[in-house]
file run-v7.txt (compact mmCIF, C-alpha atoms)
# COMPACT_ATOMS: atom_id res chain seq x y z
CA MET P 1 0.00 0.00 0.00
CA ASN P 2 1.50 3.31 -1.14
CA PRO P 3 -1.14 6.03 -0.90
CA VAL P 4 -0.27 9.49 -2.18
CA LYS P 5 0.38 11.72 0.83
CA PRO P 6 -1.42 15.10 0.69
CA ILE P 7 0.84 18.13 0.50
CA ASN P 8 -0.62 19.90 3.53
CA LEU P 9 -1.57 17.46 6.27
CA ASN P 10 -3.53 18.73 9.25
CA TYR P 11 -2.74 16.64 12.34
CA SER P 12 -6.03 17.52 14.07
CA LYS P 13 -8.12 16.39 11.09
CA GLU P 14 -6.03 13.24 10.61
CA PHE P 15 -6.34 12.36 14.30
CA GLU P 16 -10.12 12.82 14.16
CA ARG P 17 -10.17 10.68 11.01
CA LEU P 18 -8.28 7.89 12.82
CA VAL P 19 -10.71 8.01 15.74
CA ALA P 20 -13.66 7.79 13.32
CA ILE P 21 -12.08 4.86 11.44
CA VAL P 22 -11.48 2.90 14.65
CA SER P 23 -15.02 3.59 15.81
CA ARG P 24 -16.41 2.29 12.52
CA LEU P 25 -14.20 -0.80 12.65
CA ARG P 26 -15.65 -1.64 16.06
CA LYS P 27 -19.12 -1.50 14.53
CA ASP P 28 -18.63 -3.04 11.09
CA CYS P 29 -15.60 -5.39 11.24
CA PRO P 30 -16.27 -8.87 12.74
CA TRP P 31 -12.66 -9.24 13.93
CA ASP P 32 -12.47 -5.81 15.55
CA ARG P 33 -15.83 -6.32 17.25
CA GLU P 34 -14.48 -9.41 19.04
CA GLN P 35 -11.40 -7.72 20.49
CA THR P 36 -10.88 -6.84 24.15
CA HIS P 37 -8.14 -5.04 26.08
CA SER P 38 -6.59 -8.42 26.87
CA SER P 39 -6.82 -9.90 23.38
CA ILE P 40 -4.96 -7.04 21.71
CA ALA P 41 -2.42 -6.43 24.49
CA PRO P 42 0.12 -8.89 22.96
CA HIS P 43 -0.15 -7.03 19.65
CA LEU P 44 0.68 -3.75 21.39
CA ILE P 45 3.86 -5.29 22.81
CA GLU P 46 4.76 -6.65 19.36
CA GLU P 47 4.26 -3.22 17.80
CA ALA P 48 6.50 -1.65 20.44
CA TYR P 49 9.27 -4.11 19.53
CA GLU P 50 8.82 -3.26 15.86
CA VAL P 51 9.29 0.42 16.71
CA VAL P 52 12.54 -0.42 18.51
CA GLU P 53 13.70 -2.46 15.51
CA THR P 54 13.20 0.45 13.11
CA ILE P 55 15.11 2.72 15.50
CA ASP P 56 17.98 0.22 15.63
CA LYS P 57 18.04 0.21 11.84
CA ALA P 58 17.74 4.02 11.68
CA ASP P 59 14.89 3.49 9.20
CA MET P 60 12.93 6.72 9.57
CA ALA P 61 10.32 5.85 6.93
CA GLU P 62 9.42 2.60 8.69
CA LEU P 63 9.59 4.29 12.10
CA GLY P 64 6.84 6.67 11.01
CA LYS P 65 4.65 3.73 10.00
CA GLU P 66 5.31 1.76 13.19
CA LEU P 67 4.54 4.76 15.39
CA GLY P 68 1.21 4.93 13.58
CA ASP P 69 0.52 1.35 14.65
CA ILE P 70 1.24 2.30 18.28
CA LEU P 71 -1.12 5.25 17.96
CA LEU P 72 -3.79 2.92 16.58
CA HIS P 73 -3.55 0.80 19.74
CA VAL P 74 -3.91 3.86 21.97
CA VAL P 75 -7.05 4.92 20.10
CA PHE P 76 -8.41 1.36 20.03
CA HIS P 77 -7.97 0.82 23.78
CA ALA P 78 -9.58 4.20 24.47
CA ASN P 79 -12.48 3.29 22.19
CA LEU P 80 -13.03 0.06 24.12
CA ALA P 81 -12.99 2.01 27.38
CA GLU P 82 -15.49 4.55 26.06
CA GLU P 83 -17.90 1.72 25.20
CA THR P 84 -17.99 0.73 28.88
CA GLU P 85 -17.82 4.36 30.05
CA SER P 86 -14.55 3.64 31.86
CA PHE P 87 -12.71 6.63 30.39
CA SER P 88 -12.51 8.56 27.14
CA LEU P 89 -9.71 9.30 24.71
CA ALA P 90 -9.97 12.97 25.72
CA GLU P 91 -9.33 11.93 29.33
CA VAL P 92 -6.30 9.90 28.28
CA ILE P 93 -4.80 12.93 26.54
CA TRP P 94 -5.77 15.31 29.36
CA GLN P 95 -4.20 13.06 32.01
CA GLU P 96 -0.99 12.80 30.02
CA ASN P 97 -0.83 16.58 29.59
CA GLU P 98 -1.32 17.12 33.32
CA LYS P 99 1.27 14.45 34.16
CA LEU P 100 3.89 16.04 31.89
CA ILE P 101 3.35 19.47 33.39
CA TYR P 102 3.49 18.11 36.95
CA ARG P 103 6.66 16.12 36.34
CA HIS P 104 8.48 19.02 34.69
CA PRO P 105 8.33 21.75 37.35
CA HIS P 106 11.67 23.08 36.05
CA VAL P 107 9.89 23.88 32.77
CA PHE P 108 6.34 24.76 33.83
CA GLY P 109 7.01 25.85 37.41
CA GLU P 110 9.61 27.47 39.64
CA ALA P 111 11.90 24.48 40.24
CA GLU P 112 15.42 24.36 38.84
CA ALA P 113 17.16 21.45 37.13
CA ALA P 114 20.37 22.21 35.27
CA THR P 115 21.24 18.64 34.27
CA ALA P 116 19.47 15.60 32.87
CA SER P 117 20.39 13.55 35.97
CA VAL P 118 18.64 16.05 38.24
CA VAL P 119 15.58 15.97 36.00
CA LYS P 120 15.55 12.17 36.18
CA GLU P 121 15.88 12.20 39.98
CA ASN P 122 13.05 14.72 40.36
CA TRP P 123 10.90 12.69 37.96
CA GLU P 124 11.26 9.54 40.08
CA GLN P 125 10.46 11.41 43.29
CA LEU P 126 7.33 12.96 41.78
CA LYS P 127 6.19 9.60 40.37
CA ARG P 128 6.49 8.00 43.78
CA LYS P 129 4.62 10.84 45.47
CA GLU P 130 1.71 10.99 43.00
CA SER P 131 1.01 7.24 42.87
CA GLY P 132 1.34 6.43 46.56
CA ARG P 133 4.07 3.88 45.91
CA THR P 134 5.52 2.25 48.99
CA SER P 135 8.88 1.14 47.58
CA ILE P 136 11.60 2.90 45.63
CA ILE P 137 11.47 0.05 43.11
CA ASP P 138 7.71 0.17 42.57
CA GLY P 139 6.52 0.97 39.07
CA VAL P 140 8.73 -1.40 37.06
CA PRO P 141 6.36 -3.58 34.99
CA LYS P 142 6.81 -7.33 35.39
CA ALA P 143 5.98 -7.74 31.70
CA MET P 144 9.19 -5.93 30.69
CA PRO P 145 11.95 -8.01 29.06
CA ALA P 146 13.90 -9.65 31.90
CA LEU P 147 17.26 -7.96 31.22
CA GLN P 148 15.63 -4.55 30.93
CA ARG P 149 13.59 -5.03 34.11
CA ALA P 150 16.68 -6.15 36.03
CA ALA P 151 18.59 -3.04 34.96
CA ARG P 152 15.66 -0.77 35.80
CA ILE P 153 15.25 -2.20 39.31
CA GLN P 154 19.00 -2.02 39.92
CA ASP P 155 19.01 1.59 38.76
CA LYS P 156 16.20 2.50 41.14
CA ALA P 157 17.94 0.80 44.09
CA ALA P 158 21.17 2.62 43.23
CA LYS P 159 19.43 5.97 43.67
CA VAL P 160 19.30 5.41 47.44
CA GLY P 161 22.89 4.18 47.59
CA PHE P 162 22.17 0.45 47.41
CA ASP P 163 24.90 -0.21 44.87
CA TRP P 164 28.61 -0.85 44.44
CA ASP P 165 30.82 2.16 43.78
CA ASP P 166 33.45 0.29 41.78
CA PRO P 167 32.66 -1.90 38.73
CA LYS P 168 35.49 -4.20 39.86
CA ASP P 169 33.35 -5.19 42.84
CA VAL P 170 30.58 -6.18 40.43
CA LEU P 171 33.04 -8.31 38.45
CA ALA P 172 33.95 -10.07 41.68
CA LYS P 173 30.26 -10.71 42.27
CA ILE P 174 29.93 -12.18 38.77
CA ASN P 175 32.81 -14.54 39.52
CA GLU P 176 31.20 -15.51 42.84
CA GLU P 177 27.86 -16.23 41.15
CA MET P 178 29.59 -18.25 38.44
CA GLN P 179 31.30 -20.44 41.02
CA GLU P 180 28.02 -20.97 42.87
CA PHE P 181 26.32 -21.92 39.61
CA LEU P 182 29.04 -24.43 38.71
CA ALA P 183 28.99 -25.96 42.18
CA GLU P 184 25.20 -26.50 42.18
CA HIS P 185 23.80 -29.77 40.81
CA GLU P 186 20.14 -29.69 41.88
CA GLU P 187 18.06 -28.61 38.87
CA GLU P 188 15.85 -25.95 40.51
CA LYS P 189 18.71 -24.43 42.49
CA LYS P 190 20.89 -24.42 39.37
CA ILE P 191 18.23 -22.36 37.60
CA ASP P 192 18.20 -19.93 40.53
CA GLU P 193 21.99 -19.64 40.49
CA PHE P 194 22.00 -19.02 36.74
CA GLY P 195 19.44 -16.25 37.26
CA ASP P 196 21.70 -14.70 39.90
CA LEU P 197 24.59 -14.84 37.44
CA LEU P 198 22.57 -13.08 34.74
CA PHE P 199 21.42 -10.46 37.26
CA ALA P 200 25.04 -9.75 38.23
CA ILE P 201 26.07 -9.45 34.56
CA VAL P 202 23.27 -6.94 33.96
CA ASN P 203 24.49 -4.99 36.98
CA TYR P 204 28.00 -4.84 35.54
CA SER P 205 26.69 -3.69 32.15
CA ARG P 206 24.83 -0.90 33.92
CA HIS P 207 27.99 0.18 35.75
CA ILE P 208 30.00 0.48 32.55
CA GLY P 209 27.24 2.27 30.65
CA ILE P 210 26.09 -0.57 28.39
CA ASP P 211 22.40 -1.42 28.00
CA ALA P 212 22.27 -5.20 28.43
CA GLU P 213 19.01 -5.58 26.49
CA SER P 214 20.37 -3.69 23.47
CA ALA P 215 23.72 -5.48 23.63
CA LEU P 216 22.08 -8.92 23.67
CA ARG P 217 19.70 -7.92 20.88
CA LYS P 218 22.69 -6.80 18.79
CA ALA P 219 24.59 -10.02 19.52
CA THR P 220 21.55 -12.13 18.59
CA ASP P 221 21.12 -10.19 15.34
CA LYS P 222 24.80 -10.80 14.57
CA PHE P 223 24.41 -14.55 15.21
CA ASP P 224 21.25 -14.54 13.08
CA GLY P 225 23.06 -13.00 10.12
CA ARG P 226 26.12 -15.23 10.36
CA PHE P 227 24.12 -18.42 10.82
CA ARG P 228 22.09 -17.63 7.71
CA LYS P 229 25.33 -17.32 5.74
CA VAL P 230 26.53 -20.69 7.06
CA GLU P 231 23.13 -22.09 6.13
CA GLN P 232 23.53 -20.81 2.56
CA ILE P 233 26.96 -22.44 2.23
CA VAL P 234 25.63 -25.76 3.52
CA GLU P 235 22.65 -25.67 1.15
CA GLN P 236 24.84 -24.77 -1.83
CA SER P 237 27.16 -27.67 -1.02
CA GLU P 238 24.22 -30.10 -1.35
CA LYS P 239 25.69 -31.95 1.61
CA PRO P 240 23.22 -32.66 4.45
CA TRP P 241 23.75 -30.90 7.78
CA LYS P 242 24.17 -34.23 9.57
CA GLU P 243 27.20 -35.06 7.44
CA TYR P 244 29.05 -31.97 8.65
CA SER P 245 31.23 -32.43 11.71
CA LEU P 246 31.29 -29.73 14.38
CA PRO P 247 34.89 -28.72 13.41
CA GLU P 248 33.71 -28.33 9.80
CA LEU P 249 30.78 -26.15 10.84
CA ASP P 250 33.07 -24.15 13.11
CA ALA P 251 35.39 -23.57 10.14
CA LEU P 252 32.43 -22.30 8.09
CA TRP P 253 31.47 -20.06 10.99
CA ASN P 254 34.96 -18.54 11.14
CA LYS P 255 34.78 -18.05 7.37
CA VAL P 256 31.51 -16.10 7.43
CA LYS P 257 32.77 -13.99 10.33
CA LEU P 258 35.22 -12.44 7.84
CA ILE P 259 32.39 -11.49 5.49
CA PRO P 260 31.30 -7.85 6.04
call {"tool": "encode", "arguments": {"input": "run-v7.txt", "output": "C-alpha cells"}}
result
Amino acid sequence: MNPVKPINLNYSKEFERLVAIVSRLRKDCPWDREQTHSSIAPHLIEEAYEVVETIDKADMAELGKELGDILLHVVFHANLAEETESFSLAEVIWQENEKLIYRHPHVFGEAEAATASVVKENWEQLKRKESGRTSIIDGVPKAMPALQRAARIQDKAAKVGFDWDDPKDVLAKINEEMQEFLAEHEEEKKIDEFGDLLFAIVNYSRHIGIDAESALRKATDKFDGRFRKVEQIVEQSEKPWKEYSLPELDALWNKVKLIP
C-alpha cells in the first residue's frame, strides 16, 4: 500500500479521522468487534518491539509507519474504554498533559534542574509521590523483558545508595555467582543460580554504561546473520547438515565472520 500523501496534512483532522475509522471498525468489522483489552495487548507489545527495531536500523520511513501502529492501539484501547464508560480518549490525553506538566516543574514551574540527571531524579520522586508507591522500586512492569527489568530495578535501588561504587566489585560478584552456579547440581537451584549470574552481569553492564538488552539484541542479530550465511553455504554444497562435523561447521562459521 502506497497512498499518495497530501501536500498539507492537518494533524487535528487526521487524528479525528483515525478516531472515526477505529469507531467504525468496532461497529462493522467482525474481527475488531471481538477484540478486548486483553486480546490485543500482545499485539501492542509486538508493535513496540517493531518500533525499537526500526530505531535500531535508523529506518525513519518505517519508524513513522510503526509509530502509527502504536497510535492505533492507543485509540483502540480508548475506544473500548469509552464503550464501557470507563474513560474517554480525551481523558487519556488530558491526564498525560497534566502528568507532563506536573513532572516538569523546572519547565512549567519554579523548580530548577540544570542537568538531565537532576531531572531524572526529580521525575522519580514525583512519580512515587503521585502514585502512593511504597517502595523505591515500585513501578517497574513485570511484563518488561527480563534484562531490561533487572537493569531498571538495579538503577532505582542505586538511587538510594544500594549499589557498588566500583565496577570491579561487580566483576567479583559475577565470579562468585559463576562459582556458585558451577557448584550446584540440583536442577531448581541451578536455575536460581543461573538467574543470579545473569542479574550480576546486567548490573555490571549498567555500571559500565552498556544497555544489556540492546547489547544482547545486537549479539543475537549478529548470530542470526552469520548463521544464515553458514546455512547458505551448507545448502549450496548439497551436503546434508548431519554429514558436517562440528569442526567443519566451526570452520564455516569462522569463514563467514570475515564477510562484512
call {"tool": "residues_around", "arguments": {"input": "run-v7.txt", "residues": "Val92 of chain P", "least_positions_apart": "2", "cutoff": "12 Å", "atoms": "all atoms listed in the file", "output": "ChimeraX atom specification"}}
result
/P:74-75,77-79,81-82,86-90,94-99
call {"tool": "atom_distance", "arguments": {"input": "run-v7.txt", "atom1": "atom CA of Val202 of chain P", "atom2": "atom CA of Tyr49 of chain P"}}
result
20.3 Å
call {"tool": "closest_atom_pairs", "arguments": {"input": "run-v7.txt", "of": "segment 33-109 of chain P", "to": "segment 213-226 of chain P", "cutoff": "12 Å", "atoms": "only C-alpha atoms", "output": "JSON lines"}}
result
{"residue": "P:Tyr49", "atom": "CA", "partner": "P:Arg217", "partner_atom": "CA", "distance": 11.2}
{"residue": "P:Val52", "atom": "CA", "partner": "P:Ser214", "partner_atom": "CA", "distance": 9.8}
{"residue": "P:Glu53", "atom": "CA", "partner": "P:Arg217", "partner_atom": "CA", "distance": 9.7}
{"residue": "P:Ile55", "atom": "CA", "partner": "P:Ser214", "partner_atom": "CA", "distance": 11.5}
{"residue": "P:Asp56", "atom": "CA", "partner": "P:Lys218", "partner_atom": "CA", "distance": 9.0}
{"residue": "P:Lys57", "atom": "CA", "partner": "P:Lys218", "partner_atom": "CA", "distance": 10.9}
call {"tool": "write_last_selection", "arguments": {"input": "run-v7.txt", "atoms": "C-alpha atoms", "output": "CSV table (one decimal), in the frame of the given file"}}
result
chain,number,residue,atom,x,y,z
P,49,TYR,CA,9.3,-4.1,19.5
P,52,VAL,CA,12.5,-0.4,18.5
P,53,GLU,CA,13.7,-2.5,15.5
P,55,ILE,CA,15.1,2.7,15.5
P,56,ASP,CA,18.0,0.2,15.6
P,57,LYS,CA,18.0,0.2,11.8
call {"tool": "atom_distance", "arguments": {"input": "run-v7.txt", "atom1": "atom CA of Ile40 of chain P", "atom2": "atom CA of His73 of chain P"}}
result
8.2 Å
call {"tool": "residues_around", "arguments": {"input": "run-v7.txt", "residues": "Tyr204 of chain P", "least_positions_apart": "4", "cutoff": "9 Å", "atoms": "all atoms listed in the file", "output": "ChimeraX atom specification"}}
result
/P:167-168,170-171,174,199-200,208-210
call {"tool": "closest_residue", "arguments": {"input": "run-v7.txt", "among": "P:Ala111, P:Leu198, P:Ile93, P:Ile70", "to": "Ala48 of chain P", "atoms": "all atoms listed in the file"}}
result
P:Ile70
call {"tool": "residues_around", "arguments": {"input": "run-v7.txt", "residues": "Asp250 of chain P", "least_positions_apart": "6", "cutoff": "10 Å", "atoms": "all atoms listed in the file", "output": "PyMOL selection string"}}
result
chain P and resi 230+244+256
call {"tool": "atom_distance", "arguments": {"input": "run-v7.txt", "atom1": "atom CA of Thr36 of chain P", "atom2": "atom CA of Leu80 of chain P"}}
result
7.2 Å
call {"tool": "closest_residue", "arguments": {"input": "run-v7.txt", "among": "P:Leu258, P:Val118, P:Ile201, P:Ala41", "to": "Asp169 of chain P", "atoms": "only C-alpha atoms"}}
result
P:Ile201
call {"tool": "axis_aligned_box", "arguments": {"input": "run-v7.txt", "around": "segment 237-247 of chain P", "padding_each_side": "6 Å", "output": "lines of an AutoDock Vina configuration file"}}
result
center_x = 29.1
center_y = -31.4
center_z = 6.5
size_x = 23.7
size_y = 19.4
size_z = 27.7
call {"tool": "residues_around", "arguments": {"input": "run-v7.txt", "residues": "Ala157 of chain P", "least_positions_apart": "5", "cutoff": "12 Å", "atoms": "only C-alpha atoms", "output": "ChimeraX atom specification"}}
result
/P:124,135-138,140,150-152,162-164,203
call {"tool": "residues_around", "arguments": {"input": "run-v7.txt", "residues": "Glu193 of chain P", "least_positions_apart": "5", "cutoff": "10 Å", "atoms": "all atoms listed in the file", "output": "list in words"}}
result
Glu177, Met178, Gln179, Glu180, Phe181, Leu182, Ala183, Glu184, Glu187, Glu188, Leu198 and Phe199 of chain P
call {"tool": "decode", "arguments": {"input": "run-v7.txt", "residues": "segment 200-244 of chain P", "atoms": "N, CA and C atoms", "output": "PDB file, in the first residue's frame"}}
result
ATOM      1  N   ALA P 200      23.758 -10.393  37.942  1.00  0.00           N
ATOM      2  CA  ALA P 200      25.036  -9.748  38.227  1.00  0.00           C
ATOM      3  C   ALA P 200      25.671  -9.188  36.952  1.00  0.00           C
ATOM      4  N   ILE P 201      25.528  -9.922  35.837  1.00  0.00           N
ATOM      5  CA  ILE P 201      26.071  -9.453  34.564  1.00  0.00           C
ATOM      6  C   ILE P 201      25.359  -8.178  34.115  1.00  0.00           C
ATOM      7  N   VAL P 202      24.038  -8.147  34.290  1.00  0.00           N
ATOM      8  CA  VAL P 202      23.273  -6.940  33.956  1.00  0.00           C
ATOM      9  C   VAL P 202      23.748  -5.766  34.808  1.00  0.00           C
ATOM     10  N   ASN P 203      24.010  -6.047  36.076  1.00  0.00           N
ATOM     11  CA  ASN P 203      24.486  -4.990  36.976  1.00  0.00           C
ATOM     12  C   ASN P 203      25.814  -4.423  36.497  1.00  0.00           C
ATOM     13  N   TYR P 204      26.705  -5.309  36.038  1.00  0.00           N
ATOM     14  CA  TYR P 204      27.998  -4.842  35.538  1.00  0.00           C
ATOM     15  C   TYR P 204      27.814  -4.001  34.277  1.00  0.00           C
ATOM     16  N   SER P 205      26.932  -4.444  33.391  1.00  0.00           N
ATOM     17  CA  SER P 205      26.693  -3.689  32.154  1.00  0.00           C
ATOM     18  C   SER P 205      26.184  -2.288  32.476  1.00  0.00           C
ATOM     19  N   ARG P 206      25.353  -2.206  33.512  1.00  0.00           N
ATOM     20  CA  ARG P 206      24.825  -0.897  33.922  1.00  0.00           C
ATOM     21  C   ARG P 206      25.951  -0.003  34.442  1.00  0.00           C
ATOM     22  N   HIS P 207      26.875  -0.587  35.183  1.00  0.00           N
ATOM     23  CA  HIS P 207      27.985   0.178  35.754  1.00  0.00           C
ATOM     24  C   HIS P 207      28.925   0.730  34.684  1.00  0.00           C
ATOM     25  N   ILE P 208      29.074   0.013  33.593  1.00  0.00           N
ATOM     26  CA  ILE P 208      29.998   0.476  32.550  1.00  0.00           C
ATOM     27  C   ILE P 208      29.269   1.183  31.405  1.00  0.00           C
ATOM     28  N   GLY P 209      27.990   1.468  31.616  1.00  0.00           N
ATOM     29  CA  GLY P 209      27.240   2.268  30.646  1.00  0.00           C
ATOM     30  C   GLY P 209      26.778   1.528  29.409  1.00  0.00           C
ATOM     31  N   ILE P 210      26.579   0.223  29.521  1.00  0.00           N
ATOM     32  CA  ILE P 210      26.088  -0.572  28.388  1.00  0.00           C
ATOM     33  C   ILE P 210      24.689  -1.091  28.720  1.00  0.00           C
ATOM     34  N   ASP P 211      23.750  -0.896  27.806  1.00  0.00           N
ATOM     35  CA  ASP P 211      22.402  -1.415  27.996  1.00  0.00           C
ATOM     36  C   ASP P 211      22.397  -2.897  27.637  1.00  0.00           C
ATOM     37  N   ALA P 212      22.182  -3.751  28.629  1.00  0.00           N
ATOM     38  CA  ALA P 212      22.270  -5.200  28.425  1.00  0.00           C
ATOM     39  C   ALA P 212      21.259  -5.691  27.397  1.00  0.00           C
ATOM     40  N   GLU P 213      20.058  -5.154  27.431  1.00  0.00           N
ATOM     41  CA  GLU P 213      19.015  -5.577  26.494  1.00  0.00           C
ATOM     42  C   GLU P 213      19.432  -5.283  25.059  1.00  0.00           C
ATOM     43  N   SER P 214      19.938  -4.071  24.816  1.00  0.00           N
ATOM     44  CA  SER P 214      20.371  -3.691  23.469  1.00  0.00           C
ATOM     45  C   SER P 214      21.586  -4.497  23.032  1.00  0.00           C
ATOM     46  N   ALA P 215      22.501  -4.724  23.968  1.00  0.00           N
ATOM     47  CA  ALA P 215      23.715  -5.480  23.635  1.00  0.00           C
ATOM     48  C   ALA P 215      23.383  -6.913  23.235  1.00  0.00           C
ATOM     49  N   LEU P 216      22.471  -7.548  23.993  1.00  0.00           N
ATOM     50  CA  LEU P 216      22.084  -8.922  23.672  1.00  0.00           C
ATOM     51  C   LEU P 216      21.304  -8.971  22.364  1.00  0.00           C
ATOM     52  N   ARG P 217      20.461  -7.973  22.139  1.00  0.00           N
ATOM     53  CA  ARG P 217      19.703  -7.924  20.878  1.00  0.00           C
ATOM     54  C   ARG P 217      20.664  -7.812  19.693  1.00  0.00           C
ATOM     55  N   LYS P 218      21.699  -6.975  19.853  1.00  0.00           N
ATOM     56  CA  LYS P 218      22.687  -6.803  18.787  1.00  0.00           C
ATOM     57  C   LYS P 218      23.469  -8.090  18.553  1.00  0.00           C
ATOM     58  N   ALA P 219      23.851  -8.769  19.639  1.00  0.00           N
ATOM     59  CA  ALA P 219      24.594 -10.024  19.520  1.00  0.00           C
ATOM     60  C   ALA P 219      23.741 -11.103  18.851  1.00  0.00           C
ATOM     61  N   THR P 220      22.457 -11.142  19.192  1.00  0.00           N
ATOM     62  CA  THR P 220      21.551 -12.127  18.593  1.00  0.00           C
ATOM     63  C   THR P 220      21.370 -11.851  17.109  1.00  0.00           C
ATOM     64  N   ASP P 221      21.241 -10.569  16.756  1.00  0.00           N
ATOM     65  CA  ASP P 221      21.123 -10.193  15.342  1.00  0.00           C
ATOM     66  C   ASP P 221      22.378 -10.608  14.573  1.00  0.00           C
ATOM     67  N   LYS P 222      23.540 -10.437  15.212  1.00  0.00           N
ATOM     68  CA  LYS P 222      24.804 -10.804  14.572  1.00  0.00           C
ATOM     69  C   LYS P 222      24.860 -12.315  14.334  1.00  0.00           C
ATOM     70  N   PHE P 223      24.448 -13.088  15.359  1.00  0.00           N
ATOM     71  CA  PHE P 223      24.409 -14.553  15.210  1.00  0.00           C
ATOM     72  C   PHE P 223      23.441 -14.940  14.105  1.00  0.00           C
ATOM     73  N   ASP P 224      22.284 -14.281  14.091  1.00  0.00           N
ATOM     74  CA  ASP P 224      21.250 -14.541  13.082  1.00  0.00           C
ATOM     75  C   ASP P 224      21.831 -14.386  11.677  1.00  0.00           C
ATOM     76  N   GLY P 225      22.510 -13.262  11.445  1.00  0.00           N
ATOM     77  CA  GLY P 225      23.062 -13.000  10.122  1.00  0.00           C
ATOM     78  C   GLY P 225      24.139 -13.990   9.728  1.00  0.00           C
ATOM     79  N   ARG P 226      25.027 -14.311  10.668  1.00  0.00           N
ATOM     80  CA  ARG P 226      26.124 -15.233  10.360  1.00  0.00           C
ATOM     81  C   ARG P 226      25.623 -16.660  10.155  1.00  0.00           C
ATOM     82  N   PHE P 227      24.647 -17.071  10.969  1.00  0.00           N
ATOM     83  CA  PHE P 227      24.117 -18.424  10.818  1.00  0.00           C
ATOM     84  C   PHE P 227      23.449 -18.595   9.462  1.00  0.00           C
ATOM     85  N   ARG P 228      22.754 -17.564   9.009  1.00  0.00           N
ATOM     86  CA  ARG P 228      22.089 -17.629   7.706  1.00  0.00           C
ATOM     87  C   ARG P 228      23.112 -17.807   6.584  1.00  0.00           C
ATOM     88  N   LYS P 229      24.283 -17.179   6.752  1.00  0.00           N
ATOM     89  CA  LYS P 229      25.332 -17.324   5.737  1.00  0.00           C
ATOM     90  C   LYS P 229      25.901 -18.740   5.747  1.00  0.00           C
ATOM     91  N   VAL P 230      26.088 -19.297   6.960  1.00  0.00           N
ATOM     92  CA  VAL P 230      26.534 -20.689   7.064  1.00  0.00           C
ATOM     93  C   VAL P 230      25.494 -21.596   6.413  1.00  0.00           C
ATOM     94  N   GLU P 231      24.237 -21.301   6.678  1.00  0.00           N
ATOM     95  CA  GLU P 231      23.130 -22.090   6.127  1.00  0.00           C
ATOM     96  C   GLU P 231      23.171 -22.085   4.602  1.00  0.00           C
ATOM     97  N   GLN P 232      23.450 -20.927   4.024  1.00  0.00           N
ATOM     98  CA  GLN P 232      23.525 -20.814   2.561  1.00  0.00           C
ATOM     99  C   GLN P 232      24.659 -21.671   2.003  1.00  0.00           C
ATOM    100  N   ILE P 233      25.815 -21.653   2.683  1.00  0.00           N
ATOM    101  CA  ILE P 233      26.962 -22.441   2.231  1.00  0.00           C
ATOM    102  C   ILE P 233      26.636 -23.929   2.280  1.00  0.00           C
ATOM    103  N   VAL P 234      25.992 -24.345   3.375  1.00  0.00           N
ATOM    104  CA  VAL P 234      25.628 -25.760   3.522  1.00  0.00           C
ATOM    105  C   VAL P 234      24.649 -26.173   2.428  1.00  0.00           C
ATOM    106  N   GLU P 235      23.653 -25.347   2.167  1.00  0.00           N
ATOM    107  CA  GLU P 235      22.652 -25.671   1.150  1.00  0.00           C
ATOM    108  C   GLU P 235      23.269 -25.724  -0.242  1.00  0.00           C
ATOM    109  N   GLN P 236      24.194 -24.802  -0.514  1.00  0.00           N
ATOM    110  CA  GLN P 236      24.844 -24.771  -1.827  1.00  0.00           C
ATOM    111  C   GLN P 236      25.770 -25.969  -2.029  1.00  0.00           C
ATOM    112  N   SER P 237      26.262 -26.520  -0.922  1.00  0.00           N
ATOM    113  CA  SER P 237      27.160 -27.673  -1.020  1.00  0.00           C
ATOM    114  C   SER P 237      26.417 -28.962  -1.336  1.00  0.00           C
ATOM    115  N   GLU P 238      25.082 -28.933  -1.139  1.00  0.00           N
ATOM    116  CA  GLU P 238      24.225 -30.096  -1.349  1.00  0.00           C
ATOM    117  C   GLU P 238      24.631 -31.271  -0.464  1.00  0.00           C
ATOM    118  N   LYS P 239      25.300 -30.960   0.621  1.00  0.00           N
ATOM    119  CA  LYS P 239      25.689 -31.954   1.613  1.00  0.00           C
ATOM    120  C   LYS P 239      24.811 -31.758   2.840  1.00  0.00           C
ATOM    121  N   PRO P 240      24.130 -32.796   3.314  1.00  0.00           N
ATOM    122  CA  PRO P 240      23.220 -32.657   4.452  1.00  0.00           C
ATOM    123  C   PRO P 240      23.938 -32.141   5.709  1.00  0.00           C
ATOM    124  N   TRP P 241      23.191 -31.420   6.535  1.00  0.00           N
ATOM    125  CA  TRP P 241      23.747 -30.899   7.784  1.00  0.00           C
ATOM    126  C   TRP P 241      24.373 -32.021   8.620  1.00  0.00           C
ATOM    127  N   LYS P 242      23.710 -33.146   8.692  1.00  0.00           N
ATOM    128  CA  LYS P 242      24.167 -34.226   9.569  1.00  0.00           C
ATOM    129  C   LYS P 242      25.510 -34.814   9.149  1.00  0.00           C
ATOM    130  N   GLU P 243      25.913 -34.545   7.909  1.00  0.00           N
ATOM    131  CA  GLU P 243      27.197 -35.058   7.438  1.00  0.00           C
ATOM    132  C   GLU P 243      28.357 -34.106   7.735  1.00  0.00           C
ATOM    133  N   TYR P 244      28.011 -32.923   8.255  1.00  0.00           N
ATOM    134  CA  TYR P 244      29.050 -31.973   8.649  1.00  0.00           C
ATOM    135  C   TYR P 244      29.454 -32.241  10.094  1.00  0.00           C
TER     136      TYR P 244
END
